>>> print(open('upload27.txt').read())   # compact mmCIF, N, CA and C atoms
# COMPACT_ATOMS: atom_id res chain seq x y z
N MET A 1 153.40 31.61 122.66
CA MET A 1 152.04 31.13 122.82
C MET A 1 151.27 31.37 121.52
N TYR A 2 150.43 30.44 121.15
CA TYR A 2 149.70 30.55 119.89
C TYR A 2 148.54 31.54 120.01
N PRO A 3 148.09 32.09 118.87
CA PRO A 3 146.95 33.01 118.91
C PRO A 3 145.71 32.28 119.44
N GLY A 4 144.94 32.92 120.23
CA GLY A 4 143.71 32.34 120.74
C GLY A 4 143.84 31.74 122.12
N ALA A 5 145.05 31.67 122.67
CA ALA A 5 145.22 31.07 123.98
C ALA A 5 144.45 31.84 125.05
N GLN A 6 144.44 33.15 124.95
CA GLN A 6 143.68 33.96 125.92
C GLN A 6 142.19 33.64 125.82
N ARG A 7 141.69 33.50 124.59
CA ARG A 7 140.27 33.19 124.38
C ARG A 7 139.93 31.82 124.98
N VAL A 8 140.83 30.87 124.81
CA VAL A 8 140.61 29.54 125.38
C VAL A 8 140.50 29.64 126.89
N HIS A 9 141.40 30.38 127.50
CA HIS A 9 141.37 30.52 128.95
C HIS A 9 140.06 31.19 129.40
N GLN A 10 139.60 32.19 128.67
CA GLN A 10 138.33 32.85 129.02
C GLN A 10 137.18 31.86 128.96
N LEU A 11 137.14 31.05 127.92
CA LEU A 11 136.07 30.07 127.81
C LEU A 11 136.12 29.07 128.96
N TYR A 12 137.32 28.67 129.29
CA TYR A 12 137.48 27.70 130.37
C TYR A 12 136.90 28.24 131.67
N THR A 13 137.09 29.50 131.91
CA THR A 13 136.68 30.05 133.19
C THR A 13 135.28 30.62 133.19
N SER A 14 134.67 30.86 132.01
CA SER A 14 133.40 31.59 132.07
C SER A 14 132.27 31.01 131.22
N GLU A 15 132.53 30.23 130.19
CA GLU A 15 131.47 29.80 129.30
C GLU A 15 131.24 28.30 129.38
N THR A 16 130.38 27.80 128.53
CA THR A 16 129.97 26.40 128.62
C THR A 16 131.06 25.45 128.14
N VAL A 17 130.94 24.23 128.56
CA VAL A 17 131.89 23.18 128.19
C VAL A 17 131.87 22.96 126.68
N THR A 18 130.71 23.03 126.06
CA THR A 18 130.61 22.85 124.62
C THR A 18 131.44 23.89 123.88
N GLN A 19 131.34 25.12 124.28
CA GLN A 19 132.13 26.17 123.65
C GLN A 19 133.61 25.95 123.92
N TRP A 20 133.93 25.52 125.12
CA TRP A 20 135.32 25.27 125.47
C TRP A 20 135.91 24.23 124.54
N TYR A 21 135.13 23.14 124.30
CA TYR A 21 135.60 22.10 123.38
C TYR A 21 135.79 22.64 121.97
N ALA A 22 134.87 23.45 121.49
CA ALA A 22 134.96 24.00 120.14
C ALA A 22 136.23 24.83 119.97
N VAL A 23 136.51 25.66 120.94
CA VAL A 23 137.71 26.49 120.87
C VAL A 23 138.95 25.63 120.97
N ARG A 24 138.91 24.63 121.81
CA ARG A 24 140.08 23.74 121.95
C ARG A 24 140.35 23.02 120.64
N ARG A 25 139.29 22.53 119.98
CA ARG A 25 139.48 21.86 118.70
C ARG A 25 140.12 22.80 117.69
N GLN A 26 139.65 24.04 117.64
CA GLN A 26 140.23 25.01 116.72
C GLN A 26 141.68 25.30 117.08
N ALA A 27 141.97 25.44 118.35
CA ALA A 27 143.34 25.72 118.79
C ALA A 27 144.25 24.55 118.42
N CYS A 28 143.76 23.35 118.54
CA CYS A 28 144.57 22.18 118.22
C CYS A 28 144.88 22.10 116.73
N ARG A 29 144.00 22.64 115.91
CA ARG A 29 144.25 22.63 114.47
C ARG A 29 145.36 23.60 114.09
N THR A 30 145.55 24.63 114.89
CA THR A 30 146.49 25.69 114.52
C THR A 30 147.78 25.69 115.34
N ALA A 31 147.97 24.74 116.21
CA ALA A 31 149.16 24.75 117.06
C ALA A 31 149.71 23.34 117.22
N THR A 32 150.94 23.26 117.63
CA THR A 32 151.51 21.96 117.93
C THR A 32 150.96 21.47 119.26
N SER A 33 151.04 20.19 119.50
CA SER A 33 150.50 19.65 120.75
C SER A 33 151.23 20.23 121.97
N ARG A 34 152.51 20.50 121.85
CA ARG A 34 153.26 21.08 122.98
C ARG A 34 152.70 22.47 123.31
N GLU A 35 152.41 23.27 122.28
CA GLU A 35 151.85 24.60 122.52
C GLU A 35 150.47 24.51 123.17
N VAL A 36 149.67 23.57 122.71
CA VAL A 36 148.32 23.41 123.28
C VAL A 36 148.42 23.03 124.75
N LYS A 37 149.29 22.08 125.07
CA LYS A 37 149.44 21.65 126.46
C LYS A 37 149.90 22.79 127.36
N ARG A 38 150.80 23.63 126.86
CA ARG A 38 151.30 24.74 127.66
C ARG A 38 150.22 25.79 127.88
N ALA A 39 149.43 26.07 126.86
CA ALA A 39 148.48 27.18 126.94
C ALA A 39 147.14 26.78 127.55
N MET A 40 146.81 25.49 127.47
CA MET A 40 145.49 25.05 127.93
C MET A 40 145.51 24.79 129.42
N PRO A 41 144.52 25.28 130.13
CA PRO A 41 144.40 24.88 131.53
C PRO A 41 143.96 23.42 131.60
N ASP A 42 144.01 22.85 132.78
CA ASP A 42 143.56 21.47 132.93
C ASP A 42 142.14 21.31 132.43
N THR A 43 141.87 20.15 131.87
CA THR A 43 140.53 19.86 131.37
C THR A 43 139.57 19.77 132.54
N PRO A 44 138.43 20.49 132.47
CA PRO A 44 137.47 20.38 133.56
C PRO A 44 136.92 18.97 133.66
N ALA A 45 136.54 18.56 134.85
CA ALA A 45 136.08 17.20 135.10
C ALA A 45 134.93 16.81 134.19
N GLU A 46 134.00 17.73 133.94
CA GLU A 46 132.83 17.39 133.12
C GLU A 46 133.19 17.21 131.65
N CYS A 47 134.40 17.61 131.24
CA CYS A 47 134.84 17.43 129.86
C CYS A 47 135.57 16.11 129.66
N ARG A 48 136.07 15.53 130.72
CA ARG A 48 136.83 14.30 130.60
C ARG A 48 135.89 13.14 130.29
N PRO A 49 136.21 12.34 129.30
CA PRO A 49 135.36 11.19 129.03
C PRO A 49 135.51 10.17 130.14
N ARG A 50 134.43 9.50 130.47
CA ARG A 50 134.53 8.47 131.49
C ARG A 50 135.24 7.26 130.89
N PRO A 51 135.92 6.51 131.72
CA PRO A 51 136.62 5.34 131.20
C PRO A 51 135.64 4.30 130.68
N ILE A 52 136.08 3.52 129.72
CA ILE A 52 135.27 2.39 129.23
C ILE A 52 135.28 1.35 130.33
N ARG A 53 134.13 0.77 130.60
CA ARG A 53 134.02 -0.24 131.67
C ARG A 53 133.96 -1.63 131.05
N VAL A 54 134.90 -2.47 131.47
CA VAL A 54 135.01 -3.82 130.92
C VAL A 54 134.98 -4.83 132.06
N LEU A 55 134.21 -5.90 131.86
CA LEU A 55 134.17 -7.01 132.81
C LEU A 55 134.58 -8.29 132.10
N PHE A 56 135.61 -8.95 132.61
CA PHE A 56 136.00 -10.28 132.12
C PHE A 56 135.30 -11.30 133.02
N LEU A 57 134.59 -12.21 132.39
CA LEU A 57 133.77 -13.16 133.14
C LEU A 57 134.14 -14.59 132.77
N CYS A 58 134.36 -15.42 133.78
CA CYS A 58 134.60 -16.84 133.56
C CYS A 58 133.98 -17.63 134.71
N THR A 59 134.28 -18.88 134.78
CA THR A 59 133.65 -19.72 135.80
C THR A 59 134.21 -19.47 137.20
N HIS A 60 135.53 -19.62 137.36
CA HIS A 60 136.11 -19.56 138.70
C HIS A 60 136.81 -18.25 139.05
N ASN A 61 137.05 -17.40 138.07
CA ASN A 61 137.80 -16.16 138.28
C ASN A 61 139.12 -16.47 138.97
N ALA A 62 139.78 -17.53 138.45
CA ALA A 62 141.01 -17.99 139.07
C ALA A 62 142.24 -17.71 138.22
N ALA A 63 142.10 -17.74 136.89
CA ALA A 63 143.29 -17.59 136.06
C ALA A 63 143.02 -16.69 134.85
N ARG A 64 142.26 -17.20 133.87
CA ARG A 64 142.10 -16.49 132.60
C ARG A 64 141.54 -15.08 132.78
N SER A 65 140.46 -14.95 133.51
CA SER A 65 139.86 -13.62 133.68
C SER A 65 140.74 -12.70 134.53
N GLN A 66 141.43 -13.27 135.51
CA GLN A 66 142.36 -12.49 136.32
C GLN A 66 143.50 -11.95 135.46
N MET A 67 144.02 -12.82 134.59
CA MET A 67 145.11 -12.42 133.72
C MET A 67 144.66 -11.38 132.70
N ALA A 68 143.48 -11.58 132.15
CA ALA A 68 142.95 -10.62 131.18
C ALA A 68 142.72 -9.25 131.83
N GLU A 69 142.19 -9.26 133.03
CA GLU A 69 141.98 -8.00 133.77
C GLU A 69 143.31 -7.27 133.96
N ALA A 70 144.31 -7.99 134.42
CA ALA A 70 145.60 -7.37 134.70
C ALA A 70 146.27 -6.87 133.42
N LEU A 71 146.18 -7.64 132.35
CA LEU A 71 146.79 -7.22 131.08
C LEU A 71 146.13 -5.95 130.55
N LEU A 72 144.80 -5.93 130.54
CA LEU A 72 144.11 -4.76 130.03
C LEU A 72 144.39 -3.53 130.90
N ARG A 73 144.38 -3.72 132.19
CA ARG A 73 144.69 -2.60 133.10
C ARG A 73 146.10 -2.08 132.84
N SER A 74 147.03 -2.98 132.60
CA SER A 74 148.41 -2.59 132.34
C SER A 74 148.54 -1.85 131.02
N LEU A 75 147.83 -2.30 130.00
CA LEU A 75 147.94 -1.69 128.68
C LEU A 75 147.15 -0.40 128.53
N ALA A 76 145.96 -0.35 129.12
CA ALA A 76 145.06 0.79 128.88
C ALA A 76 145.14 1.87 129.94
N GLY A 77 145.63 1.54 131.11
CA GLY A 77 145.75 2.54 132.17
C GLY A 77 144.39 3.09 132.59
N GLU A 78 144.31 4.41 132.68
CA GLU A 78 143.09 5.06 133.18
C GLU A 78 141.98 5.16 132.15
N ARG A 79 142.27 4.81 130.90
CA ARG A 79 141.23 4.89 129.87
C ARG A 79 140.17 3.82 130.03
N VAL A 80 140.51 2.76 130.76
CA VAL A 80 139.59 1.63 130.92
C VAL A 80 139.46 1.30 132.40
N GLU A 81 138.23 1.11 132.84
CA GLU A 81 137.95 0.62 134.19
C GLU A 81 137.65 -0.86 134.03
N VAL A 82 138.55 -1.71 134.48
CA VAL A 82 138.45 -3.14 134.20
C VAL A 82 138.25 -3.94 135.48
N SER A 83 137.41 -4.96 135.37
CA SER A 83 137.13 -5.87 136.48
C SER A 83 137.06 -7.29 135.94
N SER A 84 137.10 -8.25 136.84
CA SER A 84 136.88 -9.64 136.45
C SER A 84 136.06 -10.32 137.53
N ALA A 85 135.33 -11.33 137.12
CA ALA A 85 134.46 -12.04 138.06
C ALA A 85 134.22 -13.46 137.55
N GLY A 86 133.69 -14.29 138.44
CA GLY A 86 133.36 -15.66 138.09
C GLY A 86 131.97 -16.03 138.55
N THR A 87 131.38 -17.00 137.88
CA THR A 87 130.06 -17.46 138.29
C THR A 87 130.15 -18.34 139.53
N ARG A 88 131.31 -19.00 139.71
CA ARG A 88 131.59 -19.80 140.91
C ARG A 88 133.02 -19.53 141.34
N PRO A 89 133.27 -18.37 141.95
CA PRO A 89 134.65 -17.99 142.27
C PRO A 89 135.30 -18.94 143.28
N THR A 90 136.59 -19.13 143.10
CA THR A 90 137.35 -19.98 144.03
C THR A 90 138.50 -19.17 144.62
N ARG A 91 139.67 -19.28 144.03
CA ARG A 91 140.84 -18.51 144.46
C ARG A 91 141.70 -18.26 143.23
N VAL A 92 142.56 -17.28 143.31
CA VAL A 92 143.46 -17.01 142.19
C VAL A 92 144.51 -18.11 142.13
N HIS A 93 144.65 -18.69 140.97
CA HIS A 93 145.57 -19.84 140.80
C HIS A 93 147.02 -19.35 140.87
N PRO A 94 147.87 -20.06 141.64
CA PRO A 94 149.28 -19.66 141.78
C PRO A 94 150.04 -19.61 140.45
N LEU A 95 149.66 -20.48 139.50
CA LEU A 95 150.34 -20.45 138.21
C LEU A 95 149.99 -19.18 137.42
N ALA A 96 148.79 -18.66 137.61
CA ALA A 96 148.42 -17.40 136.96
C ALA A 96 149.25 -16.26 137.54
N VAL A 97 149.43 -16.28 138.84
CA VAL A 97 150.25 -15.26 139.51
C VAL A 97 151.68 -15.34 138.98
N ARG A 98 152.20 -16.55 138.87
CA ARG A 98 153.58 -16.73 138.41
C ARG A 98 153.73 -16.33 136.93
N ALA A 99 152.77 -16.70 136.09
CA ALA A 99 152.84 -16.35 134.67
C ALA A 99 152.81 -14.83 134.48
N MET A 100 151.98 -14.15 135.24
CA MET A 100 151.91 -12.69 135.11
C MET A 100 153.17 -12.03 135.66
N ALA A 101 153.75 -12.60 136.70
CA ALA A 101 154.99 -12.07 137.25
C ALA A 101 156.12 -12.15 136.23
N GLU A 102 156.08 -13.17 135.39
CA GLU A 102 157.11 -13.34 134.35
C GLU A 102 157.09 -12.19 133.35
N ILE A 103 155.94 -11.56 133.17
CA ILE A 103 155.87 -10.42 132.23
C ILE A 103 155.81 -9.09 132.98
N GLY A 104 156.08 -9.15 134.28
CA GLY A 104 156.20 -7.92 135.06
C GLY A 104 154.91 -7.36 135.61
N ILE A 105 153.88 -8.17 135.69
CA ILE A 105 152.59 -7.71 136.23
C ILE A 105 152.29 -8.50 137.49
N ASP A 106 152.07 -7.81 138.58
CA ASP A 106 151.83 -8.45 139.88
C ASP A 106 150.33 -8.57 140.14
N ILE A 107 149.85 -9.81 140.22
CA ILE A 107 148.45 -10.03 140.59
C ILE A 107 148.35 -10.81 141.89
N SER A 108 149.43 -10.83 142.64
CA SER A 108 149.45 -11.61 143.88
C SER A 108 148.43 -11.10 144.90
N GLY A 109 148.05 -9.85 144.82
CA GLY A 109 147.07 -9.30 145.76
C GLY A 109 145.63 -9.41 145.27
N SER A 110 145.44 -10.02 144.11
CA SER A 110 144.08 -10.15 143.56
C SER A 110 143.31 -11.22 144.29
N ARG A 111 141.99 -11.12 144.21
CA ARG A 111 141.14 -12.15 144.80
C ARG A 111 140.05 -12.51 143.80
N SER A 112 139.55 -13.72 143.89
CA SER A 112 138.44 -14.14 143.03
C SER A 112 137.17 -13.45 143.48
N LYS A 113 136.42 -12.93 142.52
CA LYS A 113 135.20 -12.19 142.84
C LYS A 113 134.02 -12.85 142.16
N SER A 114 132.88 -12.77 142.81
CA SER A 114 131.64 -13.30 142.26
C SER A 114 131.00 -12.28 141.33
N VAL A 115 130.35 -12.76 140.31
CA VAL A 115 129.63 -11.88 139.40
C VAL A 115 128.54 -11.10 140.16
N ASP A 116 128.08 -11.66 141.27
CA ASP A 116 127.06 -10.98 142.07
C ASP A 116 127.54 -9.63 142.62
N GLU A 117 128.84 -9.48 142.81
CA GLU A 117 129.39 -8.22 143.29
C GLU A 117 129.22 -7.09 142.28
N PHE A 118 128.97 -7.44 141.02
CA PHE A 118 128.90 -6.44 139.95
C PHE A 118 127.50 -6.30 139.36
N ARG A 119 126.50 -6.89 139.99
CA ARG A 119 125.14 -6.85 139.44
C ARG A 119 124.60 -5.44 139.26
N ASP A 120 124.94 -4.54 140.15
CA ASP A 120 124.39 -3.18 140.09
C ASP A 120 125.25 -2.22 139.26
N ARG A 121 126.28 -2.72 138.62
CA ARG A 121 127.16 -1.86 137.83
C ARG A 121 126.92 -2.07 136.35
N ALA A 122 127.02 -1.00 135.60
CA ALA A 122 126.87 -1.08 134.15
C ALA A 122 128.26 -1.22 133.51
N PHE A 123 128.35 -2.05 132.49
CA PHE A 123 129.60 -2.24 131.76
C PHE A 123 129.37 -1.97 130.29
N ASP A 124 130.39 -1.45 129.63
CA ASP A 124 130.33 -1.25 128.19
C ASP A 124 130.59 -2.56 127.47
N TRP A 125 131.45 -3.38 128.04
CA TRP A 125 131.81 -4.67 127.46
C TRP A 125 131.84 -5.73 128.56
N VAL A 126 131.22 -6.87 128.29
CA VAL A 126 131.36 -8.05 129.13
C VAL A 126 131.95 -9.13 128.23
N ILE A 127 133.13 -9.58 128.60
CA ILE A 127 133.87 -10.53 127.77
C ILE A 127 133.99 -11.84 128.52
N THR A 128 133.51 -12.91 127.92
CA THR A 128 133.60 -14.23 128.54
C THR A 128 134.86 -14.93 128.08
N VAL A 129 135.53 -15.55 129.03
CA VAL A 129 136.76 -16.29 128.69
C VAL A 129 136.68 -17.70 129.24
>>> encode(input="upload27.txt", output="structure tokens")
Amino acid sequence: MYPGAQRVHQLYTSETVTQWYAVRRQACRTATSREVKRAMPDTPAECRPRPIRVLFLCTHNAARSQMAEALLRSLAGERVEVSSAGTRPTRVHPLAVRAMAEIGIDISGSRSKSVDEFRDRAFDWVITV
């Protein structure tokens, strides 16, 4: 275990999140990532950054925005909270489902959503397609 691991644990359990981050940064400078992972307790919820929120917006929410949502979700995982919507939603196009299946992404359970469903939510990025 690297020097300072005990101090990191004390900060995690007793002091502020800001101090915890400062000690973690210092520990990361002096240890390998494997050592840091072993010695560090789980990151407290208030230290975890919230995911970036992205909305893909198009007319029908039938193909392009559905595909973009699925691709970003597949690539970014939990780092991004992704949604898609349309100004006049219809249904998910079967060719979009088939095209995504060809690259190993299943969107068969997706549904077209109206932009009205997301009016009360804040997004970091709204991308029109």
>>> atom_distance(input="upload27.txt", atom1="atom N of Arg88 in chain A", atom2="atom C of Ala101 in chain A")
26.0 Å
>>> select_by_dssp(input="upload27.txt", residues="range 75-113 of chain A", states="strand (DSSP E or B)", output="list in words")
Val80, Glu81, Val82, Ser83, Ser84, Ala85 and Gly86 of chain A
>>> select_by_dssp(input="upload27.txt", residues="range 36-107 of chain A", states="helix (DSSP H, G or I)", output="MDAnalysis selection string")
chainID A and resid 36:39 45:47 64:79 94:102
>>> atom_distance(input="upload27.txt", atom1="CA of Trp125 in chain A", atom2="CA of Gly109 in chain A")
24.3 Å
>>> atom_distance(input="upload27.txt", atom1="CA of Arg50 in chain A", atom2="CA of Val92 in chain A")
29.0 Å
>>> decode(input="upload27.txt", residues="range 102-114 of chain A", atoms="all heavy atoms", output="compact mmCIF listing (two decimals), in the first residue's frame")
# COMPACT_ATOMS: atom_id res chain seq x y z
N GLU A 102 -27.47 -4.55 -36.89
CA GLU A 102 -26.30 -4.97 -37.67
C GLU A 102 -24.99 -4.62 -36.97
O GLU A 102 -23.98 -5.27 -37.19
CB GLU A 102 -26.33 -4.35 -39.07
CG GLU A 102 -27.37 -4.95 -39.98
CD GLU A 102 -27.43 -4.27 -41.33
OE1 GLU A 102 -26.56 -3.40 -41.63
OE2 GLU A 102 -28.35 -4.59 -42.10
N ILE A 103 -25.01 -3.59 -36.13
CA ILE A 103 -23.79 -3.22 -35.40
C ILE A 103 -23.87 -3.65 -33.93
O ILE A 103 -23.08 -3.23 -33.11
CB ILE A 103 -23.46 -1.72 -35.52
CG1 ILE A 103 -24.58 -0.84 -34.96
CG2 ILE A 103 -23.16 -1.36 -36.97
CD1 ILE A 103 -24.19 0.62 -34.84
N GLY A 104 -24.86 -4.48 -33.64
CA GLY A 104 -24.95 -5.07 -32.30
C GLY A 104 -25.65 -4.24 -31.25
O GLY A 104 -25.46 -4.47 -30.06
N ILE A 105 -26.45 -3.28 -31.67
CA ILE A 105 -27.18 -2.44 -30.72
C ILE A 105 -28.67 -2.66 -30.93
O ILE A 105 -29.18 -2.50 -32.04
CB ILE A 105 -26.82 -0.94 -30.89
CG1 ILE A 105 -25.33 -0.73 -30.64
CG2 ILE A 105 -27.65 -0.08 -29.95
CD1 ILE A 105 -24.83 0.67 -30.93
N ASP A 106 -29.36 -3.04 -29.88
CA ASP A 106 -30.79 -3.35 -29.96
C ASP A 106 -31.62 -2.13 -29.57
O ASP A 106 -31.57 -1.68 -28.43
CB ASP A 106 -31.10 -4.52 -29.04
CG ASP A 106 -32.57 -4.92 -29.08
OD1 ASP A 106 -33.28 -4.53 -30.04
OD2 ASP A 106 -33.01 -5.62 -28.14
N ILE A 107 -32.39 -1.61 -30.52
CA ILE A 107 -33.31 -0.51 -30.20
C ILE A 107 -34.75 -0.94 -30.45
O ILE A 107 -35.65 -0.11 -30.55
CB ILE A 107 -32.98 0.79 -30.98
CG1 ILE A 107 -33.14 0.61 -32.49
CG2 ILE A 107 -31.61 1.30 -30.61
CD1 ILE A 107 -33.07 1.91 -33.28
N SER A 108 -34.98 -2.23 -30.52
CA SER A 108 -36.33 -2.73 -30.82
C SER A 108 -37.33 -2.35 -29.74
O SER A 108 -38.52 -2.25 -30.01
CB SER A 108 -36.31 -4.24 -31.01
OG SER A 108 -35.86 -4.88 -29.83
N GLY A 109 -36.89 -2.11 -28.53
CA GLY A 109 -37.80 -1.73 -27.45
C GLY A 109 -37.98 -0.23 -27.31
O GLY A 109 -38.70 0.24 -26.43
N SER A 110 -37.35 0.54 -28.19
CA SER A 110 -37.45 2.00 -28.11
C SER A 110 -38.80 2.47 -28.62
O SER A 110 -39.47 1.79 -29.38
CB SER A 110 -36.35 2.66 -28.94
OG SER A 110 -35.09 2.33 -28.44
N ARG A 111 -39.18 3.66 -28.19
CA ARG A 111 -40.42 4.26 -28.67
C ARG A 111 -40.16 5.71 -29.03
O ARG A 111 -39.25 6.34 -28.47
CB ARG A 111 -41.53 4.17 -27.63
CG ARG A 111 -41.28 4.99 -26.38
CD ARG A 111 -42.45 4.94 -25.39
NE ARG A 111 -42.17 5.77 -24.24
CZ ARG A 111 -42.37 7.08 -24.17
NH1 ARG A 111 -42.89 7.73 -25.20
NH2 ARG A 111 -42.10 7.77 -23.08
N SER A 112 -40.92 6.24 -29.95
CA SER A 112 -40.81 7.66 -30.30
C SER A 112 -41.37 8.50 -29.17
O SER A 112 -42.43 8.18 -28.63
CB SER A 112 -41.57 7.95 -31.60
OG SER A 112 -40.92 7.36 -32.68
N LYS A 113 -40.63 9.54 -28.81
CA LYS A 113 -41.04 10.40 -27.70
C LYS A 113 -41.21 11.83 -28.19
O LYS A 113 -40.49 12.28 -29.07
CB LYS A 113 -40.00 10.34 -26.58
CG LYS A 113 -39.85 8.92 -26.00
CD LYS A 113 -38.62 8.79 -25.15
CE LYS A 113 -37.32 8.77 -25.89
NZ LYS A 113 -37.02 7.69 -26.80
N SER A 114 -42.14 12.53 -27.58
CA SER A 114 -42.37 13.93 -27.90
C SER A 114 -41.41 14.81 -27.10
O SER A 114 -41.07 14.49 -25.95
CB SER A 114 -43.81 14.32 -27.57
OG SER A 114 -43.97 15.72 -27.68
